[in-house]
>>> print(open('structure_4.txt').read())   # compact mmCIF, C-alpha atoms
# COMPACT_ATOMS: atom_id res chain seq x y z
CA MET A 17 -30.09 1.85 22.50
CA PRO A 18 -30.60 -1.53 20.83
CA SER A 19 -30.84 -4.33 23.35
CA SER A 20 -28.86 -6.67 21.14
CA ASN A 21 -25.44 -7.49 22.50
CA SER A 22 -23.91 -7.36 19.05
CA PRO A 23 -20.35 -6.11 18.58
CA TYR A 24 -21.96 -3.04 17.01
CA ALA A 25 -24.05 -2.31 20.11
CA ALA A 26 -21.04 -2.87 22.36
CA PHE A 27 -18.91 -0.52 20.27
CA SER A 28 -21.71 2.07 20.19
CA ALA A 29 -21.95 1.98 23.96
CA LEU A 30 -18.18 2.27 24.31
CA LEU A 31 -18.05 5.32 22.03
CA ALA A 32 -21.04 6.91 23.75
CA THR A 33 -19.59 6.47 27.25
CA SER A 34 -16.33 8.03 26.12
CA GLY A 35 -18.31 11.05 24.86
CA GLN A 36 -17.54 10.30 21.22
CA PRO A 37 -20.92 9.70 19.59
CA VAL A 38 -19.53 8.53 16.28
CA SER A 39 -21.17 5.64 14.49
CA PRO A 40 -19.15 2.42 14.75
CA ALA A 41 -20.24 1.77 11.17
CA GLU A 42 -18.55 4.97 9.99
CA LEU A 43 -15.38 4.15 11.93
CA HIS A 44 -15.27 0.61 10.55
CA GLY A 45 -15.94 1.88 7.03
CA MET A 46 -13.14 4.40 7.37
CA LEU A 47 -10.74 1.74 8.64
CA LEU A 48 -11.58 -0.57 5.75
CA GLY A 49 -11.42 2.27 3.24
CA ARG A 50 -7.94 3.35 4.28
CA SER A 51 -6.79 -0.28 4.54
CA CYS A 52 -8.11 -1.07 1.07
CA ALA A 53 -6.41 2.01 -0.36
CA GLY A 54 -3.09 0.65 0.89
CA ALA A 55 -2.61 2.53 4.18
CA GLY A 56 -1.10 -0.58 5.76
CA PHE A 57 -1.84 -1.85 9.24
CA GLU A 58 0.39 0.22 11.52
CA PRO A 59 -1.78 1.16 14.53
CA GLU A 60 -0.53 4.74 14.98
CA PRO A 61 -1.64 6.24 11.64
CA TRP A 62 -5.01 4.50 12.02
CA LEU A 63 -5.44 5.93 15.53
CA GLU A 64 -4.59 9.41 14.18
CA ASP A 65 -7.20 9.09 11.42
CA ALA A 66 -9.73 7.74 13.90
CA ALA A 67 -8.98 10.61 16.32
CA GLU A 68 -9.81 13.04 13.52
CA LEU A 69 -13.19 11.41 12.99
CA LEU A 70 -13.80 11.20 16.75
CA GLY A 71 -12.79 14.82 17.27
CA SER A 72 -10.17 13.96 19.88
CA ALA A 73 -7.62 11.31 20.78
CA PRO A 74 -9.42 8.15 21.91
CA GLN A 75 -9.26 7.11 25.57
CA ASP A 76 -7.44 3.88 26.38
CA ASN A 77 -10.47 1.61 26.23
CA VAL A 78 -11.53 3.06 22.87
CA ARG A 79 -7.92 2.92 21.67
CA GLN A 80 -7.78 -0.79 22.50
CA ALA A 81 -11.08 -1.38 20.71
CA LEU A 82 -9.82 0.49 17.63
CA ILE A 83 -6.61 -1.55 17.57
CA GLY A 84 -8.67 -4.74 17.96
CA LEU A 85 -10.88 -3.65 15.09
CA GLN A 86 -7.81 -3.09 12.93
CA GLU A 87 -6.43 -6.54 13.78
CA MET A 88 -9.75 -8.04 12.70
CA VAL A 89 -9.77 -6.09 9.42
CA LYS A 90 -6.16 -7.04 8.72
CA ALA A 91 -6.97 -10.72 9.28
CA GLU A 92 -9.98 -10.48 6.95
CA LEU A 93 -8.21 -8.61 4.17
CA THR A 94 -5.06 -10.71 4.23
CA GLY A 95 -6.72 -14.05 4.99
CA ASN A 96 -8.28 -16.55 2.60
CA GLU A 97 -11.91 -16.08 3.58
CA MET A 98 -12.68 -13.57 0.82
CA THR A 99 -15.34 -11.85 2.87
CA VAL A 100 -15.44 -8.99 5.33
CA VAL A 101 -17.62 -8.79 8.43
CA LEU A 102 -19.32 -5.39 8.49
CA LEU A 103 -19.70 -3.65 11.82
CA LEU A 104 -23.42 -2.90 11.54
CA PRO A 105 -26.45 -3.13 13.85
CA GLY A 106 -27.97 -6.59 14.30
CA ASP A 107 -31.07 -7.81 12.45
CA ASP A 108 -33.26 -7.07 15.49
CA VAL A 109 -32.73 -3.33 14.92
CA PRO A 110 -35.33 -1.54 12.71
CA LEU A 111 -34.41 -1.49 9.03
CA ALA A 112 -34.28 2.31 8.92
CA GLU A 113 -31.57 2.30 11.59
CA ARG A 114 -29.61 -0.46 9.87
CA ALA A 115 -29.90 1.34 6.54
CA ALA A 116 -28.66 4.58 8.09
CA ALA A 117 -25.65 2.72 9.54
CA LEU A 118 -25.02 1.22 6.11
CA GLY A 119 -24.92 4.72 4.64
CA GLN A 120 -22.52 5.86 7.38
CA TRP A 121 -20.33 2.84 6.68
CA CYS A 122 -20.12 3.76 2.98
CA GLN A 123 -19.35 7.39 3.79
CA GLY A 124 -16.65 6.26 6.21
CA PHE A 125 -15.20 3.91 3.61
CA LEU A 126 -15.07 6.60 0.92
CA GLY A 127 -13.55 9.05 3.39
CA GLY A 128 -10.91 6.57 4.52
CA PHE A 129 -10.14 5.52 0.97
CA GLY A 130 -9.80 9.16 -0.07
CA LEU A 131 -7.47 9.97 2.85
CA THR A 132 -4.90 7.54 1.61
CA ALA A 133 -2.48 8.67 -1.04
CA ARG A 134 -1.76 6.00 -3.60
CA GLU A 135 0.10 5.61 -6.85
CA GLY A 136 -1.49 5.24 -10.24
CA ALA A 137 -5.04 5.29 -11.48
CA LEU A 138 -7.67 2.77 -10.44
CA SER A 139 -9.10 0.25 -12.87
CA GLY A 140 -12.58 0.84 -14.26
CA GLU A 141 -13.86 -1.93 -12.02
CA ALA A 142 -12.43 -0.28 -8.89
CA VAL A 143 -13.85 3.11 -9.86
CA GLU A 144 -17.25 1.45 -10.31
CA VAL A 145 -17.06 -0.01 -6.80
CA LEU A 146 -16.35 3.45 -5.36
CA GLN A 147 -19.25 4.92 -7.35
CA ASP A 148 -21.50 2.13 -6.06
CA LEU A 149 -20.48 2.96 -2.49
CA ALA A 150 -21.25 6.63 -3.10
CA SER A 151 -24.69 5.66 -4.45
CA ILE A 152 -25.38 3.35 -1.50
CA ALA A 153 -24.43 6.16 0.88
CA GLN A 154 -27.19 8.24 -0.76
CA VAL A 155 -29.99 5.66 -1.01
CA GLN A 156 -30.16 4.29 2.50
CA SER A 157 -33.21 6.43 3.28
CA ALA A 158 -35.08 4.79 0.39
CA LEU A 159 -35.02 1.34 2.01
CA GLU A 160 -38.49 0.67 3.32
CA ASP A 161 -39.41 -1.49 6.26
CA SER A 162 -40.81 -4.25 4.09
CA ASP A 163 -39.76 -7.60 2.72
CA ASP A 164 -38.40 -5.86 -0.37
CA GLY A 165 -36.52 -3.42 1.80
CA GLU A 166 -35.07 -6.31 3.78
CA SER A 167 -33.95 -8.17 0.68
CA ASP A 168 -32.44 -4.98 -0.82
CA TYR A 169 -30.58 -4.44 2.43
CA MET A 170 -29.27 -8.02 2.40
CA GLU A 171 -28.15 -7.65 -1.21
CA VAL A 172 -26.26 -4.47 -0.44
CA MET A 173 -24.67 -6.14 2.60
CA GLU A 174 -23.51 -9.08 0.49
CA TYR A 175 -22.00 -6.70 -2.03
CA LEU A 176 -20.20 -4.70 0.67
CA ARG A 177 -18.69 -7.84 2.15
CA VAL A 178 -16.91 -8.54 -1.13
CA ALA A 179 -16.40 -5.15 -2.82
CA PRO A 180 -13.66 -3.92 -0.44
CA LEU A 181 -11.58 -7.00 -1.22
CA LEU A 182 -11.48 -6.07 -4.89
CA LEU A 183 -10.13 -2.62 -4.02
CA PHE A 184 -7.68 -4.06 -1.49
CA THR A 185 -6.34 -6.59 -3.99
CA GLU A 186 -5.96 -3.96 -6.68
CA CYS A 187 -4.31 -1.33 -4.48
CA ALA A 188 -2.05 -3.93 -2.86
CA LYS A 189 -0.94 -5.00 -6.34
CA ALA A 190 -0.27 -1.39 -7.29
CA ALA A 191 1.79 -0.91 -4.14
CA ALA A 192 3.90 -4.00 -4.78
CA PRO A 193 6.79 -3.56 -7.19
CA ALA A 194 5.86 -4.98 -10.56
CA PRO A 195 7.89 -8.04 -11.54
CA LYS A 196 10.35 -7.40 -14.34
CA PRO A 197 9.24 -8.97 -17.62
CA SER A 198 11.27 -12.09 -18.31
CA LEU A 199 12.96 -12.45 -21.68
CA HIS A 200 12.27 -15.71 -23.45
>>> encode(input="structure_4.txt", output="structure tokens")
Amino acid sequence: MPSSNSPYAAFSALLATSGQPVSPAELHGMLLGRSCAGAGFEPEPWLEDAAELLGSAPQDNVRQALIGLQEMVKAELTGNEMTVVLLLPGDDVPLAERAAALGQWCQGFLGGFGLTAREGALSGEAVEVLQDLASIAQVQSALEDSDDGESDYMEVMEYLRVAPLLLFTECAKAAAPAPKPSLH
């Protein structure tokens, strides 16, 4: 168990004590994935999706944490900050562990995004983002514990803090009724 009292460590401990050893990174990725695909922010469907990943309905304390996580994601996606805080282990955790969590986050995101039915095809740019996430999910084991590995990890993190917003913006646009063309 990492000694860091990061939100990630706290969430890990919470999931472990409730007998649901799922990575917080995967849960957060899944939440962001489904949110970006246009699942909306109603707590019940999110809790159902989370329960599927967890293997059972979450206990009250986990339920509260999941709802809190969703509130945070909603604020980030609908706010003006244009960046997402990833639920990943702190910098004091070995790179291999952080990289593994990054891979789990990407898998969760792709899973959550795929769960959500949406209208219409994605733009080429959005498809590229999803392909990037799939690649990142594969390469995490290649990140070495070195300065290069650290800088690669930071680059990937930066990308993942922005990439979901592109998908969210695009899918939110697709979900909104298109304005009627005005006649001049």
>>> residues_around(input="structure_4.txt", residues="Arg114 in chain A", least_positions_apart="2", cutoff="12 Å", atoms="only C-alpha atoms", output="PyMOL selection string")
chain A and resi 18+24-25+39-41+102-112+116-121+156-157+159-161+165-166+168-170+172-173
>>> atom_distance(input="structure_4.txt", atom1="CA of Cys122 in chain A", atom2="CA of Ile152 in chain A")
6.9 Å
>>> atom_distance(input="structure_4.txt", atom1="CA of Leu48 in chain A", atom2="CA of Lys90 in chain A")
8.9 Å
>>> closest_residue(input="structure_4.txt", among="A:Gln154, A:Thr99, A:Ser162, A:Gln86", to="Arg177 in chain A", atoms="only C-alpha atoms")
A:Thr99
>>> residues_around(input="structure_4.txt", residues="Glu144 in chain A", least_positions_apart="6", cutoff="12 Å", atoms="all atoms listed in the file", output="list in words")
Leu138, Ala150, Ser151, Ala179, Pro180, Leu182 and Leu183 of chain A
>>> axis_aligned_box(input="structure_4.txt", around="range 118-124 of chain A", padding_each_side="6 Å", output="AutoDock Vina command-line options")
--center_x -20.8 --center_y 4.3 --center_z 5.2 --size_x 20.4 --size_y 18.2 --size_z 16.4
>>> closest_residue(input="structure_4.txt", among="A:Glu87, A:Glu97, A:Asp65, A:Glu58", to="Leu181 in chain A", atoms="only C-alpha atoms")
A:Glu97
>>> closest_residue(input="structure_4.txt", among="A:Glu186, A:Val38, A:Leu176, A:Leu82", to="Gly140 in chain A", atoms="only C-alpha atoms")
A:Glu186
>>> closest_residue(input="structure_4.txt", among="A:Val178, A:Val78, A:Leu126, A:Val145", to="Met98 in chain A", atoms="all atoms listed in the file")
A:Val178
>>> closest_residue(input="structure_4.txt", among="A:Thr94, A:Ser51, A:Gln36, A:Gln75", to="Leu131 in chain A", atoms="only C-alpha atoms")
A:Ser51
>>> closest_residue(input="structure_4.txt", among="A:Ala29, A:Ala115, A:Ala91, A:Ala55", to="Asn77 in chain A", atoms="all atoms listed in the file")
A:Ala29
>>> decode(input="structure_4.txt", residues="range 60-104 of chain A", atoms="N, CA and C atoms", output="PDB file, in the first residue's frame")
ATOM      1  N   GLU A  60     -27.744   7.087 -10.655  1.00  0.00           N
ATOM      2  CA  GLU A  60     -28.140   5.676 -10.687  1.00  0.00           C
ATOM      3  C   GLU A  60     -27.503   4.853 -11.816  1.00  0.00           C
ATOM      4  N   PRO A  61     -27.592   5.328 -13.069  1.00  0.00           N
ATOM      5  CA  PRO A  61     -26.944   4.530 -14.144  1.00  0.00           C
ATOM      6  C   PRO A  61     -25.443   4.367 -13.920  1.00  0.00           C
ATOM      7  N   TRP A  62     -24.792   5.401 -13.392  1.00  0.00           N
ATOM      8  CA  TRP A  62     -23.359   5.313 -13.106  1.00  0.00           C
ATOM      9  C   TRP A  62     -23.105   4.253 -12.045  1.00  0.00           C
ATOM     10  N   LEU A  63     -23.920   4.238 -10.987  1.00  0.00           N
ATOM     11  CA  LEU A  63     -23.738   3.257  -9.918  1.00  0.00           C
ATOM     12  C   LEU A  63     -23.969   1.839 -10.442  1.00  0.00           C
ATOM     13  N   GLU A  64     -24.921   1.691 -11.393  1.00  0.00           N
ATOM     14  CA  GLU A  64     -25.147   0.365 -11.995  1.00  0.00           C
ATOM     15  C   GLU A  64     -23.929  -0.080 -12.797  1.00  0.00           C
ATOM     16  N   ASP A  65     -23.374   0.833 -13.606  1.00  0.00           N
ATOM     17  CA  ASP A  65     -22.181   0.495 -14.388  1.00  0.00           C
ATOM     18  C   ASP A  65     -21.008   0.173 -13.468  1.00  0.00           C
ATOM     19  N   ALA A  66     -20.861   0.976 -12.408  1.00  0.00           N
ATOM     20  CA  ALA A  66     -19.772   0.757 -11.456  1.00  0.00           C
ATOM     21  C   ALA A  66     -19.944  -0.598 -10.768  1.00  0.00           C
ATOM     22  N   ALA A  67     -21.187  -0.933 -10.406  1.00  0.00           N
ATOM     23  CA  ALA A  67     -21.464  -2.206  -9.732  1.00  0.00           C
ATOM     24  C   ALA A  67     -21.043  -3.371 -10.618  1.00  0.00           C
ATOM     25  N   GLU A  68     -21.224  -3.209 -11.933  1.00  0.00           N
ATOM     26  CA  GLU A  68     -20.823  -4.267 -12.854  1.00  0.00           C
ATOM     27  C   GLU A  68     -19.309  -4.466 -12.818  1.00  0.00           C
ATOM     28  N   LEU A  69     -18.579  -3.366 -12.801  1.00  0.00           N
ATOM     29  CA  LEU A  69     -17.121  -3.442 -12.734  1.00  0.00           C
ATOM     30  C   LEU A  69     -16.674  -4.004 -11.378  1.00  0.00           C
ATOM     31  N   LEU A  70     -17.366  -3.586 -10.323  1.00  0.00           N
ATOM     32  CA  LEU A  70     -17.006  -4.018  -8.973  1.00  0.00           C
ATOM     33  C   LEU A  70     -17.427  -5.463  -8.697  1.00  0.00           C
ATOM     34  N   GLY A  71     -18.385  -5.953  -9.465  1.00  0.00           N
ATOM     35  CA  GLY A  71     -18.849  -7.319  -9.260  1.00  0.00           C
ATOM     36  C   GLY A  71     -20.007  -7.430  -8.283  1.00  0.00           C
ATOM     37  N   SER A  72     -20.384  -6.298  -7.681  1.00  0.00           N
ATOM     38  CA  SER A  72     -21.547  -6.291  -6.792  1.00  0.00           C
ATOM     39  C   SER A  72     -21.930  -4.843  -6.507  1.00  0.00           C
ATOM     40  N   ALA A  73     -23.116  -4.655  -5.962  1.00  0.00           N
ATOM     41  CA  ALA A  73     -23.551  -3.292  -5.639  1.00  0.00           C
ATOM     42  C   ALA A  73     -22.634  -2.720  -4.562  1.00  0.00           C
ATOM     43  N   PRO A  74     -22.174  -1.482  -4.735  1.00  0.00           N
ATOM     44  CA  PRO A  74     -21.263  -0.895  -3.749  1.00  0.00           C
ATOM     45  C   PRO A  74     -21.950  -0.643  -2.413  1.00  0.00           C
ATOM     46  N   GLN A  75     -21.201  -0.818  -1.329  1.00  0.00           N
ATOM     47  CA  GLN A  75     -21.692  -0.474   0.009  1.00  0.00           C
ATOM     48  C   GLN A  75     -21.857   1.045   0.087  1.00  0.00           C
ATOM     49  N   ASP A  76     -22.565   1.485   1.133  1.00  0.00           N
ATOM     50  CA  ASP A  76     -22.854   2.913   1.261  1.00  0.00           C
ATOM     51  C   ASP A  76     -21.645   3.826   1.157  1.00  0.00           C
ATOM     52  N   ASN A  77     -20.553   3.471   1.867  1.00  0.00           N
ATOM     53  CA  ASN A  77     -19.398   4.371   1.846  1.00  0.00           C
ATOM     54  C   ASN A  77     -18.776   4.435   0.441  1.00  0.00           C
ATOM     55  N   VAL A  78     -18.759   3.306  -0.256  1.00  0.00           N
ATOM     56  CA  VAL A  78     -18.236   3.288  -1.627  1.00  0.00           C
ATOM     57  C   VAL A  78     -19.204   4.030  -2.551  1.00  0.00           C
ATOM     58  N   ARG A  79     -20.487   3.807  -2.332  1.00  0.00           N
ATOM     59  CA  ARG A  79     -21.525   4.505  -3.104  1.00  0.00           C
ATOM     60  C   ARG A  79     -21.340   6.010  -3.024  1.00  0.00           C
ATOM     61  N   GLN A  80     -21.146   6.499  -1.794  1.00  0.00           N
ATOM     62  CA  GLN A  80     -20.951   7.942  -1.588  1.00  0.00           C
ATOM     63  C   GLN A  80     -19.706   8.426  -2.324  1.00  0.00           C
ATOM     64  N   ALA A  81     -18.644   7.627  -2.240  1.00  0.00           N
ATOM     65  CA  ALA A  81     -17.394   8.002  -2.908  1.00  0.00           C
ATOM     66  C   ALA A  81     -17.592   8.040  -4.418  1.00  0.00           C
ATOM     67  N   LEU A  82     -18.348   7.088  -4.953  1.00  0.00           N
ATOM     68  CA  LEU A  82     -18.601   7.040  -6.400  1.00  0.00           C
ATOM     69  C   LEU A  82     -19.430   8.240  -6.843  1.00  0.00           C
ATOM     70  N   ILE A  83     -20.407   8.611  -6.023  1.00  0.00           N
ATOM     71  CA  ILE A  83     -21.234   9.775  -6.364  1.00  0.00           C
ATOM     72  C   ILE A  83     -20.382  11.042  -6.293  1.00  0.00           C
ATOM     73  N   GLY A  84     -19.500  11.114  -5.282  1.00  0.00           N
ATOM     74  CA  GLY A  84     -18.599  12.260  -5.162  1.00  0.00           C
ATOM     75  C   GLY A  84     -17.675  12.372  -6.366  1.00  0.00           C
ATOM     76  N   LEU A  85     -17.190  11.215  -6.810  1.00  0.00           N
ATOM     77  CA  LEU A  85     -16.312  11.162  -7.974  1.00  0.00           C
ATOM     78  C   LEU A  85     -17.052  11.690  -9.201  1.00  0.00           C
ATOM     79  N   GLN A  86     -18.311  11.291  -9.319  1.00  0.00           N
ATOM     80  CA  GLN A  86     -19.095  11.735 -10.477  1.00  0.00           C
ATOM     81  C   GLN A  86     -19.335  13.242 -10.435  1.00  0.00           C
ATOM     82  N   GLU A  87     -19.599  13.775  -9.244  1.00  0.00           N
ATOM     83  CA  GLU A  87     -19.787  15.227  -9.109  1.00  0.00           C
ATOM     84  C   GLU A  87     -18.533  15.963  -9.574  1.00  0.00           C
ATOM     85  N   MET A  88     -17.366  15.418  -9.190  1.00  0.00           N
ATOM     86  CA  MET A  88     -16.097  16.029  -9.555  1.00  0.00           C
ATOM     87  C   MET A  88     -15.920  16.008 -11.077  1.00  0.00           C
ATOM     88  N   VAL A  89     -16.205  14.855 -11.679  1.00  0.00           N
ATOM     89  CA  VAL A  89     -16.060  14.714 -13.132  1.00  0.00           C
ATOM     90  C   VAL A  89     -17.027  15.648 -13.856  1.00  0.00           C
ATOM     91  N   LYS A  90     -18.241  15.729 -13.351  1.00  0.00           N
ATOM     92  CA  LYS A  90     -19.235  16.612 -13.974  1.00  0.00           C
ATOM     93  C   LYS A  90     -18.744  18.054 -13.939  1.00  0.00           C
ATOM     94  N   ALA A  91     -18.218  18.471 -12.779  1.00  0.00           N
ATOM     95  CA  ALA A  91     -17.722  19.841 -12.636  1.00  0.00           C
ATOM     96  C   ALA A  91     -16.574  20.099 -13.612  1.00  0.00           C
ATOM     97  N   GLU A  92     -15.697  19.098 -13.770  1.00  0.00           N
ATOM     98  CA  GLU A  92     -14.549  19.271 -14.670  1.00  0.00           C
ATOM     99  C   GLU A  92     -14.982  19.336 -16.127  1.00  0.00           C
ATOM    100  N   LEU A  93     -15.887  18.438 -16.511  1.00  0.00           N
ATOM    101  CA  LEU A  93     -16.283  18.377 -17.919  1.00  0.00           C
ATOM    102  C   LEU A  93     -17.148  19.563 -18.322  1.00  0.00           C
ATOM    103  N   THR A  94     -17.946  20.061 -17.388  1.00  0.00           N
ATOM    104  CA  THR A  94     -18.867  21.132 -17.751  1.00  0.00           C
ATOM    105  C   THR A  94     -18.347  22.506 -17.333  1.00  0.00           C
ATOM    106  N   GLY A  95     -17.204  22.523 -16.637  1.00  0.00           N
ATOM    107  CA  GLY A  95     -16.630  23.803 -16.200  1.00  0.00           C
ATOM    108  C   GLY A  95     -15.783  24.440 -17.289  1.00  0.00           C
ATOM    109  N   ASN A  96     -15.050  25.476 -16.914  1.00  0.00           N
ATOM    110  CA  ASN A  96     -14.243  26.211 -17.897  1.00  0.00           C
ATOM    111  C   ASN A  96     -12.765  25.907 -17.804  1.00  0.00           C
ATOM    112  N   GLU A  97     -12.399  24.967 -16.929  1.00  0.00           N
ATOM    113  CA  GLU A  97     -10.982  24.716 -16.692  1.00  0.00           C
ATOM    114  C   GLU A  97     -10.270  24.068 -17.867  1.00  0.00           C
ATOM    115  N   MET A  98     -10.993  23.289 -18.650  1.00  0.00           N
ATOM    116  CA  MET A  98     -10.415  22.586 -19.804  1.00  0.00           C
ATOM    117  C   MET A  98      -9.321  21.593 -19.414  1.00  0.00           C
ATOM    118  N   THR A  99      -9.435  21.015 -18.255  1.00  0.00           N
ATOM    119  CA  THR A  99      -8.512  19.954 -17.881  1.00  0.00           C
ATOM    120  C   THR A  99      -9.189  19.042 -16.875  1.00  0.00           C
ATOM    121  N   VAL A 100      -8.792  17.793 -16.885  1.00  0.00           N
ATOM    122  CA  VAL A 100      -9.383  16.790 -16.025  1.00  0.00           C
ATOM    123  C   VAL A 100      -8.322  16.299 -15.057  1.00  0.00           C
ATOM    124  N   VAL A 101      -8.695  16.116 -13.804  1.00  0.00           N
ATOM    125  CA  VAL A 101      -7.752  15.553 -12.832  1.00  0.00           C
ATOM    126  C   VAL A 101      -7.897  14.035 -12.888  1.00  0.00           C
ATOM    127  N   LEU A 102      -6.808  13.335 -13.177  1.00  0.00           N
ATOM    128  CA  LEU A 102      -6.864  11.880 -13.275  1.00  0.00           C
ATOM    129  C   LEU A 102      -6.675  11.266 -11.900  1.00  0.00           C
ATOM    130  N   LEU A 103      -7.479  10.255 -11.612  1.00  0.00           N
ATOM    131  CA  LEU A 103      -7.345   9.562 -10.333  1.00  0.00           C
ATOM    132  C   LEU A 103      -6.276   8.487 -10.507  1.00  0.00           C
ATOM    133  N   LEU A 104      -5.024   8.879 -10.230  1.00  0.00           N
ATOM    134  CA  LEU A 104      -3.878   7.990 -10.400  1.00  0.00           C
ATOM    135  C   LEU A 104      -2.982   8.072  -9.166  1.00  0.00           C
TER     136      LEU A 104
END
